[in-house]
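Novice: Sharing structure-v5.csv (CSV, C-alpha atoms) below.
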chain,number,residue,atom,x,y,z
A,74,MET,CA,-20.5,0.5,23.2
A,75,HIS,CA,-20.6,3.6,21.0
A,76,VAL,CA,-18.2,6.1,19.6
A,77,THR,CA,-18.0,9.3,21.7
A,78,ASP,CA,-15.1,11.3,20.3
A,79,TYR,CA,-12.4,11.5,17.6
A,80,GLU,CA,-9.1,13.2,16.9
A,81,LEU,CA,-7.0,13.5,13.7
A,82,PHE,CA,-3.2,13.8,13.7
A,83,GLU,CA,-1.1,14.9,10.7
A,84,VAL,CA,2.5,13.8,11.2
A,85,PRO,CA,5.7,13.4,9.3
A,86,PRO,CA,6.7,12.0,6.9
A,87,ARG,CA,3.3,12.2,5.1
A,88,TRP,CA,0.8,10.3,7.3
A,89,GLN,CA,-2.4,11.0,9.1
A,90,PHE,CA,-3.9,9.1,12.1
A,91,LEU,CA,-7.5,8.8,13.2
A,92,ARG,CA,-8.2,8.2,16.9
A,93,LEU,CA,-11.7,7.0,17.7
A,94,GLU,CA,-12.8,6.8,21.4
A,95,THR,CA,-15.7,5.0,22.9
A,96,ASP,CA,-17.8,5.2,26.1
A,97,THR,CA,-16.0,2.1,27.4
A,98,GLY,CA,-12.6,3.8,27.2
A,99,LEU,CA,-11.5,1.6,24.2
A,100,VAL,CA,-9.6,3.5,21.5
A,101,GLY,CA,-9.3,2.5,17.8
A,102,TRP,CA,-6.8,3.7,15.3
A,103,GLY,CA,-6.9,4.2,11.5
A,104,GLU,CA,-4.8,5.9,8.8
A,105,PRO,CA,-7.0,8.0,6.5
A,106,ILE,CA,-4.7,9.8,4.1
A,107,VAL,CA,-4.2,10.8,0.5
A,108,GLU,CA,-0.4,11.5,0.4
A,109,GLY,CA,0.1,15.1,-0.4
A,110,ARG,CA,-3.5,16.1,0.3
A,111,PRO,CA,-3.9,15.7,4.0
A,112,GLY,CA,-6.2,18.6,4.4
A,113,ALA,CA,-8.7,17.2,2.0
A,114,THR,CA,-8.6,13.8,3.7
A,115,ARG,CA,-8.9,15.4,7.1
A,116,GLU,CA,-12.0,17.3,6.2
A,117,ALA,CA,-13.7,14.3,4.5
A,118,THR,CA,-12.8,12.0,7.5
A,119,ALA,CA,-14.2,14.5,10.0
A,120,ALA,CA,-17.4,14.9,8.1
A,121,LEU,CA,-18.0,11.2,7.8
A,122,VAL,CA,-17.2,10.6,11.5
A,123,GLU,CA,-19.5,13.4,12.6
A,124,ASP,CA,-22.3,12.5,10.3
A,125,TYR,CA,-22.4,8.7,10.8
A,126,VAL,CA,-19.9,7.4,13.3
A,127,LEU,CA,-20.2,9.5,16.5
A,128,GLY,CA,-22.9,7.8,18.7
A,129,SER,CA,-22.8,4.6,16.6
A,130,ASP,CA,-21.9,1.1,17.6
A,131,PRO,CA,-18.5,0.6,16.1
A,132,THR,CA,-19.0,-3.2,15.8
A,133,ARG,CA,-21.6,-2.6,13.0
A,134,ILE,CA,-18.8,-2.2,10.5
A,135,GLU,CA,-20.5,-3.4,7.4
A,136,ASP,CA,-23.5,-1.2,7.9
A,137,LEU,CA,-21.3,1.8,8.7
A,138,TRP,CA,-19.2,1.2,5.6
A,139,THR,CA,-22.3,0.9,3.4
A,140,THR,CA,-23.8,4.1,4.9
A,141,MET,CA,-20.6,6.1,4.5
A,142,TYR,CA,-20.3,4.9,0.9
A,143,ARG,CA,-24.0,5.0,-0.2
A,144,ARG,CA,-25.8,7.5,1.9
A,145,LYS,CA,-24.9,10.5,-0.2
A,146,PHE,CA,-25.8,10.7,-3.9
A,147,TYR,CA,-22.3,11.6,-5.1
A,148,ARG,CA,-19.7,8.9,-4.5
A,149,ARG,CA,-16.2,7.8,-5.5
A,150,GLY,CA,-12.9,9.6,-5.5
A,151,ALA,CA,-9.5,9.0,-3.8
A,152,VAL,CA,-10.3,11.4,-0.9
A,153,LEU,CA,-13.7,9.9,0.0
A,154,TYR,CA,-12.4,6.3,-0.3
A,155,SER,CA,-9.3,7.1,1.8
A,156,ALA,CA,-11.5,8.7,4.5
A,157,ILE,CA,-13.7,5.6,4.6
A,158,SER,CA,-10.6,3.4,4.7
A,159,GLY,CA,-9.1,5.0,7.8
A,160,ILE,CA,-12.4,5.0,9.6
A,161,ASP,CA,-13.0,1.3,8.7
A,162,GLN,CA,-9.5,0.4,10.1
A,163,ALA,CA,-10.4,2.1,13.4
A,164,LEU,CA,-13.7,0.3,13.6
A,165,TRP,CA,-12.1,-3.1,13.1
A,166,ASP,CA,-9.5,-2.1,15.8
A,167,LEU,CA,-12.2,-1.3,18.2
A,168,THR,CA,-14.3,-4.4,17.4
A,169,GLY,CA,-11.3,-6.6,17.9
A,170,LYS,CA,-10.4,-5.0,21.2
A,171,HIS,CA,-14.0,-5.3,22.3
A,172,ARG,CA,-14.2,-9.0,21.5
A,173,GLY,CA,-10.7,-9.7,22.8
A,174,LEU,CA,-9.5,-11.1,19.4
A,175,PRO,CA,-7.1,-10.1,16.6
A,176,VAL,CA,-8.9,-8.7,13.6
A,177,TYR,CA,-8.0,-11.8,11.5
A,178,ASP,CA,-9.8,-14.0,13.9
A,179,LEU,CA,-13.0,-12.0,13.3
A,180,LEU,CA,-12.4,-12.5,9.5
A,181,GLY,CA,-12.4,-16.3,9.8
A,182,GLY,CA,-9.0,-17.0,11.2
A,183,PRO,CA,-5.5,-17.0,9.6
A,184,VAL,CA,-4.5,-19.3,6.7
A,185,ARG,CA,-0.8,-18.5,7.4
A,186,ASP,CA,1.4,-17.8,10.5
A,187,ARG,CA,3.6,-15.1,8.9
A,188,ILE,CA,3.9,-13.1,5.7
A,189,ARG,CA,6.9,-12.3,3.5
A,190,ILE,CA,7.8,-8.6,3.2
A,191,TYR,CA,10.1,-6.6,1.0
A,192,GLN,CA,12.4,-3.7,1.4
A,193,HIS,CA,12.7,-0.6,-0.9
A,194,VAL,CA,16.2,-0.1,-2.3
A,195,GLY,CA,17.7,2.4,-4.7
A,196,GLY,CA,20.4,4.9,-5.6
A,197,SER,CA,21.4,7.4,-8.2
A,198,SER,CA,23.6,4.8,-10.1
A,199,PRO,CA,23.7,1.1,-10.7
A,200,GLU,CA,26.5,0.8,-8.2
A,201,GLU,CA,24.6,2.6,-5.5
A,202,ALA,CA,21.5,0.5,-6.1
A,203,ALA,CA,23.5,-2.7,-5.9
A,204,ALA,CA,25.0,-1.7,-2.6
A,205,SER,CA,21.6,-0.8,-1.3
A,206,ALA,CA,20.2,-4.1,-2.3
A,207,GLU,CA,23.1,-6.0,-0.7
A,208,ALA,CA,22.5,-4.1,2.5
A,209,ALA,CA,18.8,-5.1,2.5
A,210,VAL,CA,19.8,-8.8,2.0
A,211,ASP,CA,22.4,-8.5,4.8
A,212,ALA,CA,19.5,-7.2,7.0
A,213,GLY,CA,17.5,-10.3,6.4
A,214,PHE,CA,15.3,-9.5,3.4
A,215,THR,CA,14.8,-12.0,0.6
A,216,ALA,CA,12.9,-9.6,-1.6
A,217,VAL,CA,13.6,-5.9,-2.6
A,218,LYS,CA,11.8,-3.4,-4.8
A,219,THR,CA,13.2,-0.5,-6.8
A,220,THR,CA,12.3,2.0,-9.5
A,221,PRO,CA,14.7,1.7,-12.4
A,222,THR,CA,13.9,4.9,-14.2
A,223,GLY,CA,13.7,8.6,-13.7
A,224,PRO,CA,11.4,10.7,-16.0
A,225,VAL,CA,10.7,8.9,-19.2
A,226,ARG,CA,9.6,10.7,-22.4
A,227,ARG,CA,6.6,9.2,-24.3
A,228,ILE,CA,9.1,7.8,-26.9
A,229,ALA,CA,12.5,7.7,-25.2
A,230,SER,CA,15.9,7.0,-26.6
A,231,PRO,CA,17.6,3.6,-26.5
A,232,GLU,CA,19.9,5.1,-23.8
A,233,THR,CA,17.0,5.3,-21.4
A,234,VAL,CA,16.1,1.6,-22.0
A,235,HIS,CA,19.7,0.5,-21.7
A,236,ALA,CA,20.2,2.5,-18.5
A,237,ALA,CA,17.2,0.9,-16.8
A,238,ALA,CA,18.3,-2.6,-17.8
A,239,ALA,CA,21.8,-1.9,-16.5
A,240,TYR,CA,20.4,-0.6,-13.2
A,241,VAL,CA,18.4,-3.8,-12.7
A,242,GLY,CA,21.3,-5.9,-13.9
A,243,ALA,CA,23.6,-4.5,-11.3
A,244,ILE,CA,21.1,-5.4,-8.5
A,245,ARG,CA,20.7,-8.9,-9.8
A,246,GLU,CA,24.4,-9.4,-10.0
A,247,ALA,CA,24.8,-8.2,-6.4
A,248,VAL,CA,22.1,-10.3,-4.8
A,249,GLY,CA,22.1,-13.4,-7.0
A,250,PRO,CA,19.2,-15.5,-8.2
A,251,GLY,CA,17.9,-16.3,-4.7
A,252,VAL,CA,16.5,-12.8,-4.0
A,253,ASP,CA,13.4,-11.5,-5.7
A,254,ILE,CA,13.5,-8.0,-7.3
A,255,GLY,CA,10.2,-6.1,-7.8
A,256,LEU,CA,10.3,-3.3,-10.2
A,257,ASP,CA,8.0,-0.2,-9.9
A,258,LEU,CA,7.6,1.7,-13.1
A,259,HIS,CA,5.3,4.0,-11.1
A,260,GLY,CA,3.0,4.7,-14.0
A,261,ARG,CA,5.7,7.1,-15.3
A,262,VAL,CA,6.0,5.5,-18.8
A,263,SER,CA,3.7,5.2,-21.8
A,264,LYS,CA,2.5,1.9,-23.0
A,265,SER,CA,5.0,2.2,-25.9
A,266,MET,CA,8.0,2.5,-23.6
A,267,ALA,CA,6.6,-0.1,-21.1
A,268,LYS,CA,6.8,-2.7,-23.9
A,269,ARG,CA,10.4,-1.8,-24.7
A,270,LEU,CA,11.4,-1.6,-21.1
A,271,VAL,CA,10.0,-5.0,-20.1
A,272,ALA,CA,11.7,-6.6,-23.1
A,273,ALA,CA,15.1,-5.2,-22.1
A,274,ILE,CA,14.8,-5.9,-18.4
A,275,ASP,CA,13.3,-9.4,-18.6
A,276,PRO,CA,16.7,-11.2,-18.9
A,277,HIS,CA,17.3,-10.1,-15.2
A,278,GLU,CA,14.2,-12.1,-14.1
A,279,PRO,CA,12.3,-9.5,-12.0
A,280,MET,CA,9.6,-10.6,-9.6
A,281,PHE,CA,7.0,-8.3,-11.1
A,282,TYR,CA,6.5,-5.0,-13.0
A,283,GLU,CA,4.4,-2.6,-10.9
A,284,GLU,CA,2.3,0.0,-12.6
A,285,PRO,CA,3.9,-0.3,-16.0
A,286,VAL,CA,1.2,2.2,-17.2
A,287,LEU,CA,-0.9,4.8,-15.4
A,288,PRO,CA,-4.1,3.7,-13.6
A,289,GLU,CA,-6.1,5.6,-16.3
A,290,GLN,CA,-4.5,3.3,-18.9
A,291,THR,CA,-5.2,-0.1,-17.4
A,292,ASP,CA,-6.8,-1.2,-20.6
A,293,ALA,CA,-3.3,-1.3,-22.1
A,294,LEU,CA,-2.1,-3.9,-19.5
A,295,PRO,CA,-2.9,-6.9,-21.7
A,296,GLU,CA,-0.8,-5.4,-24.5
A,297,VAL,CA,2.2,-4.9,-22.2
A,298,ALA,CA,1.7,-8.3,-20.6
A,299,ALA,CA,2.0,-9.9,-24.1
A,300,LYS,CA,5.6,-8.7,-24.3
A,301,THR,CA,6.8,-10.3,-21.1
A,302,SER,CA,6.7,-13.5,-19.0
A,303,THR,CA,7.2,-11.5,-15.9
A,304,PRO,CA,4.1,-11.0,-13.7
A,305,ILE,CA,2.3,-7.6,-14.1
A,306,ALA,CA,1.1,-5.8,-11.0
A,307,THR,CA,-1.1,-2.8,-10.5
A,308,GLY,CA,-3.7,-1.3,-8.2
A,309,GLU,CA,-2.3,1.1,-5.6
A,310,ARG,CA,-4.3,3.9,-7.3
A,311,LEU,CA,-7.5,1.9,-7.8
A,312,TYR,CA,-10.3,2.0,-5.3
A,313,THR,CA,-13.0,-0.5,-4.3
A,314,ARG,CA,-14.1,-3.7,-6.0
A,315,TRP,CA,-15.9,-1.7,-8.7
A,316,GLU,CA,-12.6,-0.1,-10.1
A,317,PHE,CA,-10.8,-3.5,-9.9
A,318,LYS,CA,-13.7,-5.2,-11.8
A,319,PRO,CA,-12.8,-4.2,-15.3
A,320,VAL,CA,-9.1,-4.8,-14.7
A,321,PHE,CA,-9.8,-8.4,-13.7
A,322,GLU,CA,-12.2,-8.8,-16.7
A,323,ARG,CA,-9.7,-7.5,-19.3
A,324,GLY,CA,-6.9,-9.7,-17.9
A,325,GLY,CA,-3.1,-9.2,-18.3
A,326,ILE,CA,-2.4,-8.8,-14.6
A,327,ASP,CA,-1.0,-11.3,-12.1
A,328,LEU,CA,-0.8,-9.3,-8.9
A,329,ILE,CA,-3.0,-6.5,-7.5
A,330,GLN,CA,-1.7,-4.0,-5.0
A,331,PRO,CA,-4.7,-2.3,-3.3
A,332,ASP,CA,-3.9,0.0,-0.4
A,333,VAL,CA,-5.9,-0.6,2.8
A,334,SER,CA,-5.8,3.2,3.4
A,335,HIS,CA,-7.2,4.1,0.0
A,336,ALA,CA,-9.1,1.2,-1.5
A,337,GLY,CA,-11.9,1.0,1.2
A,338,GLY,CA,-10.2,-0.3,4.3
A,339,ILE,CA,-10.1,-3.8,5.7
A,340,THR,CA,-13.7,-4.5,4.7
A,341,GLU,CA,-13.2,-3.7,1.1
A,342,LEU,CA,-9.6,-5.0,0.7
A,343,ARG,CA,-10.9,-8.5,1.8
A,344,LYS,CA,-13.6,-8.3,-0.9
A,345,ILE,CA,-11.1,-7.2,-3.6
A,346,ALA,CA,-8.8,-10.0,-2.7
A,347,ALA,CA,-11.7,-12.6,-3.0
A,348,MET,CA,-12.4,-11.2,-6.5
A,349,ALA,CA,-8.8,-11.6,-7.4
A,350,GLU,CA,-8.7,-15.2,-6.3
A,351,ALA,CA,-11.5,-16.0,-8.7
A,352,TYR,CA,-9.3,-14.6,-11.6
A,353,ASP,CA,-6.1,-16.5,-10.3
A,354,VAL,CA,-4.5,-13.1,-9.4
A,355,GLY,CA,-2.3,-12.7,-6.3
A,356,VAL,CA,-2.5,-9.9,-3.8
A,357,ALA,CA,0.5,-7.8,-2.5
A,358,PRO,CA,-1.0,-4.8,-0.6
A,359,HIS,CA,0.5,-1.4,-1.1
A,360,SER,CA,1.8,0.1,2.1
A,361,PRO,CA,4.3,2.9,2.0
A,362,LEU,CA,2.6,4.4,5.1
A,363,GLY,CA,2.6,4.1,8.9
A,364,PRO,CA,2.1,1.3,11.4
A,365,VAL,CA,-1.7,1.2,11.4
A,366,ASN,CA,-1.8,0.8,7.6
A,367,PHE,CA,0.9,-1.9,7.8
A,368,ALA,CA,-0.9,-3.7,10.7
A,369,ALA,CA,-4.3,-3.6,8.9
A,370,SER,CA,-2.6,-5.0,5.7
A,371,LEU,CA,-1.2,-7.9,7.8
A,372,HIS,CA,-4.6,-8.8,9.1
A,373,VAL,CA,-5.9,-9.1,5.5
A,374,ASP,CA,-2.8,-11.0,4.4
A,375,ALA,CA,-3.5,-13.4,7.3
A,376,VAL,CA,-6.9,-14.5,5.9
A,377,VAL,CA,-6.3,-14.2,2.2
A,378,HIS,CA,-5.0,-17.4,0.6
A,379,ASN,CA,-3.8,-15.5,-2.5
A,380,ALA,CA,-1.6,-13.0,-0.5
A,381,VAL,CA,1.9,-13.1,-1.9
A,382,ILE,CA,4.1,-10.5,-0.2
A,383,GLN,CA,3.6,-7.3,1.8
A,384,GLU,CA,5.1,-3.9,1.2
A,385,GLN,CA,6.4,-1.9,4.2
A,386,ILE,CA,8.7,1.1,4.9
A,387,LEU,CA,8.8,1.0,8.7
A,388,ALA,CA,12.0,-1.1,8.7
A,389,ARG,CA,13.8,1.6,6.7
A,390,SER,CA,16.3,3.6,8.6
A,391,GLY,CA,15.0,7.0,9.8
A,392,THR,CA,11.3,6.2,9.3
A,393,PRO,CA,9.4,6.9,12.5
A,394,SER,CA,7.1,4.2,13.8
A,395,TYR,CA,5.0,6.1,16.4
A,396,LEU,CA,4.8,2.7,18.2
A,397,THR,CA,5.4,2.0,21.9
A,398,ASP,CA,6.4,-1.6,20.9
A,399,GLU,CA,8.1,-2.1,17.6
A,400,SER,CA,7.9,-5.9,17.5
A,401,LEU,CA,5.3,-5.4,14.8
A,402,ILE,CA,8.1,-4.8,12.3
A,403,ASP,CA,10.5,-7.5,13.6
A,404,HIS,CA,11.5,-9.7,10.7
A,405,GLU,CA,13.4,-12.9,10.2
A,406,ASP,CA,14.3,-14.6,7.0
A,407,GLY,CA,12.3,-12.1,5.1
A,408,TYR,CA,9.1,-12.6,7.0
A,409,VAL,CA,7.1,-10.9,9.8
A,410,GLU,CA,4.9,-12.8,12.3
A,411,LEU,CA,1.2,-11.9,12.5
A,412,PRO,CA,0.1,-9.6,15.3
A,413,THR,CA,-1.4,-11.5,18.2
A,414,GLU,CA,-2.9,-8.7,20.4
A,415,PRO,CA,-6.6,-7.9,20.2
A,416,GLY,CA,-7.7,-5.5,17.4
A,417,LEU,CA,-5.0,-4.5,15.0
A,418,GLY,CA,-2.3,-5.3,17.5
A,419,VAL,CA,-0.6,-1.9,17.5
A,420,GLU,CA,0.0,0.4,20.5
A,421,ILE,CA,0.4,4.0,19.3
A,422,ASP,CA,2.8,6.2,21.3
A,423,GLU,CA,0.3,9.1,21.7
A,424,ALA,CA,2.9,11.3,23.3
A,425,ALA,CA,5.2,11.0,20.3
A,426,LEU,CA,2.2,11.4,18.0
A,427,ARG,CA,1.0,14.6,19.7
A,428,ALA,CA,4.6,16.0,19.8
A,429,ALA,CA,5.0,15.4,16.0
A,430,ALA,CA,1.5,16.6,15.0
A,431,GLY,CA,1.2,19.6,12.7
A,432,GLU,CA,1.0,20.4,9.0
A,433,THR,CA,3.2,18.4,6.7
A,434,ASP,CA,4.4,19.7,3.3
A,435,TRP,CA,5.2,16.5,1.5
A,436,SER,CA,4.6,16.7,-2.3
A,437,PRO,CA,5.9,14.7,-5.2
A,438,PRO,CA,8.7,16.4,-7.1
A,439,ASP,CA,7.9,18.7,-10.0
A,440,TRP,CA,9.6,16.8,-12.8
A,441,ARG,CA,9.8,18.4,-16.2
A,442,HIS,CA,11.0,17.0,-19.6
A,443,ASP,CA,13.6,18.9,-21.6
A,444,ASP,CA,10.8,20.8,-23.4
A,445,GLY,CA,9.3,22.0,-20.2
A,446,SER,CA,6.3,19.7,-20.2
A,447,LEU,CA,5.3,17.9,-17.0
A,448,ALA,CA,6.7,14.4,-16.4
A,449,GLU,CA,5.0,11.7,-14.4
A,450,TRP,CA,6.6,11.0,-11.0
Rewrite the coordinates I just gave you, this time as structure tokens.

Specialist:
Amino acid sequence: MHVTDYELFEVPPRWQFLRLETDTGLVGWGEPIVEGRPGATREATAALVEDYVLGSDPTRIEDLWTTMYRRKFYRRGAVLYSAISGIDQALWDLTGKHRGLPVYDLLGGPVRDRIRIYQHVGGSSPEEAAASAEAAVDAGFTAVKTTPTGPVRRIASPETVHAAAAYVGAIREAVGPGVDIGLDLHGRVSKSMAKRLVAAIDPHEPMFYEEPVLPEQTDALPEVAAKTSTPIATGERLYTRWEFKPVFERGGIDLIQPDVSHAGGITELRKIAAMAEAYDVGVAPHSPLGPVNFAASLHVDAVVHNAVIQEQILARSGTPSYLTDESLIDHEDGYVELPTEPGLGVEIDEAALRAAAGETDWSPPDWRHDDGSLAEW
């Protein structure tokens, strides 16, 4: 079996799919994307496929990954890693289909039968956020995640801190102590404000603080962690085991959130998770993307003992799935079952995908502080 052709599809809301076809007729799917930069990811993916994947045996995943990463002198970067990630997913999908097994069976077999997921909630006021969280719990979720702040100045007023605490407090009051609340600070606060925010919000007992500082400032995580007993999470904007290595070594983190479409695919995510286990750190893969990304994450969750919870947005109203069978996102008591079909276990609706394909214009908002300077989103 060898790869004979490929196609790339850019689709709303901000996703990109890779279709790899083989001489046997088998098709493998991946999601190579840097959100907001689909053109760059498309060009990088096409170059890697044409240079190394076309004509190759897709079951030689480790060799192909190593070649894509090491063959050229210049490496690293979100675009390159995301292109490798999407290709890697498609290679695993093809290999699983070729062997007639789910990907997790090729990785040693599952250590669990299902994985807990959480739902994103929010609103422009504490009351709206509380109502959104209640709706998620009514829909069967036992964990939610929200972002409790808007733009935050480097040294913000007490009002900003009090507002964030009130926002989280309203959610906690609405859902009670039996529901976990993850908090995403989105890297939009300085280490100075992160320390003040965690101290103010801690009484509401969140599940974790995600990206309390920017990925460029991970050396500050131990300082922030010293101010709270709540677990610290990071990693959606870190790539490969080499970028996670110093984060593990410095400490101060309890949960990593690598993205299977950015950090190096299934191949690399498994290795990052193994490193995390050695440092007693849990894994909660980042996945605000489409069904291939979500399915690929589930296969890693299946075989990683330190997997804690899985992000997803496919169960959110209005989010397209591009699936012919949406049982992948069926959830009960806050859990989804592992896929059981060969490969990644997703059947893409190619007609819907082709109908939706075209250039997307998603971009983060242009936030500005009162003085006109750029604010982190």

Novice: Taking (18.1, 5.3, -15.0) in the file's coordinates as the center, which residues reach within 10 Å of it, counting all atoms listed in the file, put as a list of chain:residue names?

Specialist: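 I get A:Gly196, A:Ser197, A:Ser198, A:Pro199, A:Thr220, A:Pro221, A:Thr222, A:Gly223, A:Pro224, A:Val225, A:Glu232, A:Thr233, A:Val234, A:His235, A:Ala236, A:Ala237, A:Ala238, A:Ala239, A:Tyr240, A:Val241 for the residues within 10 Å of that point.
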
Novice: Using all atoms listed in the file, which residues of region 142-256 of chain A come within 10 Å of region 413-416 of chain A, and what is the closest atom pair for each, with the distance in Å to one decimal? Give it as a Markdown table, sorted by chain and residue number.

Specialist:
| residue | atom | partner | partner_atom | distance |
| --- | --- | --- | --- | --- |
| A:Gln162 | CA | A:Gly416 | CA | 9.6 |
| A:Ala163 | CA | A:Gly416 | CA | 9.0 |
| A:Leu164 | CA | A:Gly416 | CA | 9.2 |
| A:Trp165 | CA | A:Gly416 | CA | 6.6 |
| A:Asp166 | CA | A:Gly416 | CA | 4.2 |
| A:Leu167 | CA | A:Gly416 | CA | 6.2 |
| A:Thr168 | CA | A:Gly416 | CA | 6.7 |
| A:Gly169 | CA | A:Gly416 | CA | 3.8 |
| A:Lys170 | CA | A:Gly416 | CA | 4.7 |
| A:His171 | CA | A:Gly416 | CA | 8.0 |
| A:Arg172 | CA | A:Pro415 | CA | 7.8 |
| A:Gly173 | CA | A:Pro415 | CA | 5.2 |
| A:Leu174 | CA | A:Pro415 | CA | 4.4 |
| A:Pro175 | CA | A:Pro415 | CA | 4.2 |
| A:Val176 | CA | A:Gly416 | CA | 5.1 |
| A:Tyr177 | CA | A:Gly416 | CA | 8.6 |
| A:Asp178 | CA | A:Pro415 | CA | 9.3 |
| A:Leu179 | CA | A:Gly416 | CA | 9.3 |

Novice: So what do you get for CA of Phe321 (chain A) versus CA of Val356 (chain A), distance-wise?

Specialist: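 Separation between CA of Phe321 (chain A) and CA of Val356 (chain A): 12.4 Å.
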
Novice: Using only C-alpha atoms, can you list as a ChimeraX atom specification the residues within 9 Å of (8.3, 2.5, -0.2)?

Specialist: /A:192-194,218-219,359-362,384-386,389

Novice: Contacts of Ala369 (chain A) at 8 Å or less, counting all atoms listed in the file, minus same-chain residues fewer than 2 places along, as a VMD selection string?

Specialist: chain A and resid 162 333 339 365 to 367 371 to 373 417

Novice: Find the residue from A:Asp186, A:Asp434, A:Glu449, A:Glu316 that sits nearest to Pro412 (chain A); use all atoms listed in the file when measuring.

Specialist: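 Using all atoms listed in the file, the shortest distance to Pro412 (chain A) belongs to A:Asp186.
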
Novice: Would you kindly return, as a PyMOL selection string, each protein, DNA or RNA residue with an atom no farther than 9 Å from any atom of Leu91 (chain A), considering all atoms listed in the file and excluding same-chain residues fewer than 4 positions away?

Specialist: chain A and resi 79-82+101-105+118+159-160+163

Novice: Can you pull out the residues contacting Trp440 (chain A)? Cut-off 7 Å, using all atoms listed in the file, and skip same-chain residues under 4 positions away; I want them as an mmCIF file with C-alpha atoms, in the frame of the given file.

Specialist:
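Printed below is result-v1.cif as written:
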data_model
loop_
_atom_site.group_PDB
_atom_site.id
_atom_site.type_symbol
_atom_site.label_atom_id
_atom_site.label_comp_id
_atom_site.auth_asym_id
_atom_site.auth_seq_id
_atom_site.Cartn_x
_atom_site.Cartn_y
_atom_site.Cartn_z
ATOM 1 C CA LEU A 447 5.300 17.900 -17.000
ATOM 2 C CA ALA A 448 6.700 14.400 -16.400
ATOM 3 C CA TRP A 450 6.600 11.000 -11.000
#

Novice: Work out how far CA of Pro131 (chain A) is from CA of Gln89 (chain A), in Å to one decimal.

Specialist: 20.4 Å

Novice: Counting all atoms listed in the file, what is within 9 Å of Ser265 (chain A), bar same-chain residues fewer than 2 positions away, as an mmCIF file with C-alpha atoms, keeping the file's coordinate frame?

Specialist:
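selection31.cif, written as the output of this step:
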data_model
loop_
_atom_site.group_PDB
_atom_site.id
_atom_site.type_symbol
_atom_site.label_atom_id
_atom_site.label_comp_id
_atom_site.auth_asym_id
_atom_site.auth_seq_id
_atom_site.Cartn_x
_atom_site.Cartn_y
_atom_site.Cartn_z
ATOM 1 C CA ARG A 227 6.600 9.200 -24.300
ATOM 2 C CA ILE A 228 9.100 7.800 -26.900
ATOM 3 C CA VAL A 262 6.000 5.500 -18.800
ATOM 4 C CA SER A 263 3.700 5.200 -21.800
ATOM 5 C CA ALA A 267 6.600 -0.100 -21.100
ATOM 6 C CA LYS A 268 6.800 -2.700 -23.900
ATOM 7 C CA ARG A 269 10.400 -1.800 -24.700
ATOM 8 C CA LEU A 270 11.400 -1.600 -21.100
ATOM 9 C CA VAL A 297 2.200 -4.900 -22.200
#

Novice: In Å, how far is it from CA of Thr291 (chain A) to CA of Ala351 (chain A)?

Specialist: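 Computed distance, CA of Thr291 (chain A) to CA of Ala351 (chain A), equals 19.2 Å.
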